[in-house]
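Report on one structure; see the data block that follows.
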Amino acid sequence: MPTAAQAEAPIGVFDSGVGGLSVLRALRAQLPQENFVYLSDAAHAPYGERTDDYLTARALRVADYLIGQRGVKSLVVACNTATAAAIEEMRARWPALPIVGIEPALKPAAAASQTKRVGVMATRSTLQSAKFNKLLDSLQDQAQFVVQACDGLAAAIENGDDQTTRALCERYLHAMGDFGQRTGQIDQLVLGCTHYPLVSAVLQSLAGPGVELLEAGAPVSLQTRRVLDQAQLLFSRRAEGLTQLLSTGPGEPLGRNALRWLGLDLVVESVQTGGAG
Ligand code: DGL
């Protein structure tokens, strides 16, 4: 039976950068009483074009820091790329710790699609991963999936470079084909990288109003609630929890985006986790 102090410990959330804020937003809405420590691994971003070995080394290093130095009671890997590469190793290393990952929402997209043509935007590394390809294979009979590696898009979003972001969104959506609700058109667009929901207004305007954009922040927050409940680690109190923001690299993008997307006006703490880079 966990102690009260364990339940009071924060939930660790991490991503290569600011993308995981789209997940933190859903987590804070679902679990407002919990304390969160969000770590942006900006010194090693972007993750999306890295090798599995590099990503696994980073994920283990960041998790080790959050567990050892920040005493987190659970971890949310708010990054599709790191989840695909490393979640199994993380669970093997910390078997008693609830660890929740994120993966592109292919299944709900296939179920909701009328045209049975689904677009998937993600990083190159996610799309090449065994985990993603297993998921894709399991759904081949349910819809046709048009997958698009979006090199450079997470970095442009991270840097707040609106012009490059828009140009890349245009290029990648164009490469995927026609969007809409007619036969042969893509009517569901899966945002398979946590950075992309931060520019969903741009994507929606390019894809058109009839296209549904799917992100996995809300399901991840529900799953986090479930696993904490099962482990009897939910923090039950009336007051709102605290959030801390950490970065291994420049803190400015994280501070700016946390204010913009979550209304959080916080100083970003600079941290060293060591390891590859
Ligand atoms: N936000 C991350 C994801 O969900 C990775 C973006 C990147 O660093 O390339 O995949």
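Scheme for the structure tokens: letters A, B, ... for chains in order shown; per-chain residue numbers from 1; ligand numbers from 1 in order shown.
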
**Report entry** Selection near region 63-70 of chain A, 8 Å with only C-alpha atoms, sequence-local residues under 5 positions removed, as a PyMOL selection string
**Finding:** chain A and resi 10+12+37+75+90+273

Report task. May I have the residues within 7 Å of region 130-144 of chain A as a list of chain:residue names, using only C-alpha atoms and disregarding those fewer than 2 positions away in the same chain? Result ->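 My reading of the contact set: A:Ala84, A:Ala110, A:Lys116, A:Arg117, A:Val118, A:Thr126, A:Leu127, A:Gln128, A:Val146.
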
Could you write out that same residue set with N, CA, C and O atoms as a CSV table (one decimal), in the first residue's frame?
chain,number,residue,atom,x,y,z
A,84,ALA,N,7.9,5.0,-28.9
A,84,ALA,CA,8.1,4.0,-29.9
A,84,ALA,C,9.4,3.3,-29.7
A,84,ALA,O,9.6,2.1,-29.8
A,110,ALA,N,-9.4,5.2,-37.9
A,110,ALA,CA,-9.9,4.2,-38.8
A,110,ALA,C,-11.4,4.0,-38.5
A,110,ALA,O,-12.3,3.9,-39.4
A,116,LYS,N,-12.7,6.0,-45.3
A,116,LYS,CA,-11.7,4.9,-45.0
A,116,LYS,C,-10.3,5.2,-45.6
A,116,LYS,O,-9.6,4.3,-46.0
A,117,ARG,N,-10.1,6.5,-45.6
A,117,ARG,CA,-8.7,6.9,-46.0
A,117,ARG,C,-8.3,7.9,-44.9
A,117,ARG,O,-8.9,8.9,-44.6
A,118,VAL,N,-7.1,7.5,-44.2
A,118,VAL,CA,-6.7,8.2,-43.0
A,118,VAL,C,-5.3,8.7,-43.3
A,118,VAL,O,-4.4,7.9,-43.7
A,126,THR,N,9.4,7.7,-35.7
A,126,THR,CA,8.2,7.0,-35.2
A,126,THR,C,7.7,6.1,-36.4
A,126,THR,O,7.4,4.9,-36.1
A,127,LEU,N,7.7,6.6,-37.6
A,127,LEU,CA,7.1,5.8,-38.7
A,127,LEU,C,8.0,4.6,-39.0
A,127,LEU,O,7.5,3.6,-39.6
A,128,GLN,N,9.3,4.7,-38.7
A,128,GLN,CA,10.2,3.5,-39.0
A,128,GLN,C,10.2,2.5,-37.9
A,128,GLN,O,10.7,1.4,-38.0
A,146,VAL,N,-2.4,6.8,-45.2
A,146,VAL,CA,-1.4,7.5,-46.0
A,146,VAL,C,-0.4,8.2,-44.9
A,146,VAL,O,-0.8,9.1,-44.2

**Report entry** Non-local contacts of region 163-174 of chain A (9 Å; only C-alpha atoms; under 4 positions in same chain excluded) as a PyMOL selection string
**Finding:** chain A and resi 119+121+148-157+178-179+199+202-203+206-207

Query raised in the report: Would you give me, as a PyMOL selection string, the residues in region 42-160 of chain A that DSSP reads as helix (DSSP H, G or I)?
Result: chain A and resi 42-44+52-70+80-93+106-112+124-128+130-138+153-158

Report task. Can you list, as a PyMOL selection string, all residues belonging to region 81-146 of chain A that DSSP tags as strand (DSSP E)? Result -> chain A and resi 99-100+117-122+144-146

Using the selection just defined, write its residues with N, CA and C atoms as a short mmCIF file (atom, residue, chain, number, x, y, z; two decimals), in the first residue's frame.
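Final output, part-v7.cif:
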data_model
loop_
_atom_site.label_atom_id
_atom_site.label_comp_id
_atom_site.auth_asym_id
_atom_site.auth_seq_id
_atom_site.Cartn_x
_atom_site.Cartn_y
_atom_site.Cartn_z
N ILE A 99 4.16 3.70 -15.98
CA ILE A 99 4.71 4.48 -17.11
C ILE A 99 3.69 4.46 -18.24
N VAL A 100 3.29 5.64 -18.67
CA VAL A 100 2.28 5.76 -19.73
C VAL A 100 2.95 6.38 -20.95
N ARG A 117 -10.05 6.45 -45.60
CA ARG A 117 -8.72 6.92 -45.98
C ARG A 117 -8.25 7.87 -44.88
N VAL A 118 -7.14 7.48 -44.23
CA VAL A 118 -6.68 8.17 -43.03
C VAL A 118 -5.26 8.69 -43.26
N GLY A 119 -5.03 9.94 -42.95
CA GLY A 119 -3.69 10.51 -43.05
C GLY A 119 -2.98 10.43 -41.71
N VAL A 120 -1.68 10.16 -41.74
CA VAL A 120 -0.90 10.07 -40.49
C VAL A 120 0.36 10.91 -40.64
N MET A 121 0.47 11.95 -39.82
CA MET A 121 1.69 12.76 -39.79
C MET A 121 2.48 12.37 -38.55
N ALA A 122 3.77 12.10 -38.71
CA ALA A 122 4.60 11.75 -37.55
C ALA A 122 6.05 11.99 -37.90
N GLN A 144 -7.36 2.65 -45.31
CA GLN A 144 -6.10 2.87 -46.03
C GLN A 144 -5.37 4.00 -45.31
N PHE A 145 -4.11 3.80 -44.99
CA PHE A 145 -3.37 4.83 -44.26
C PHE A 145 -2.34 5.48 -45.17
N VAL A 146 -2.35 6.79 -45.19
CA VAL A 146 -1.36 7.55 -45.96
C VAL A 146 -0.41 8.16 -44.94
#

**Report entry** Surrounding residues of Asp15 (chain A) excluding itself and chain neighbours under 6 positions, 7 Å, only C-alpha atoms, as number ranges by chain
**Finding:** A: 39-41, 77-79
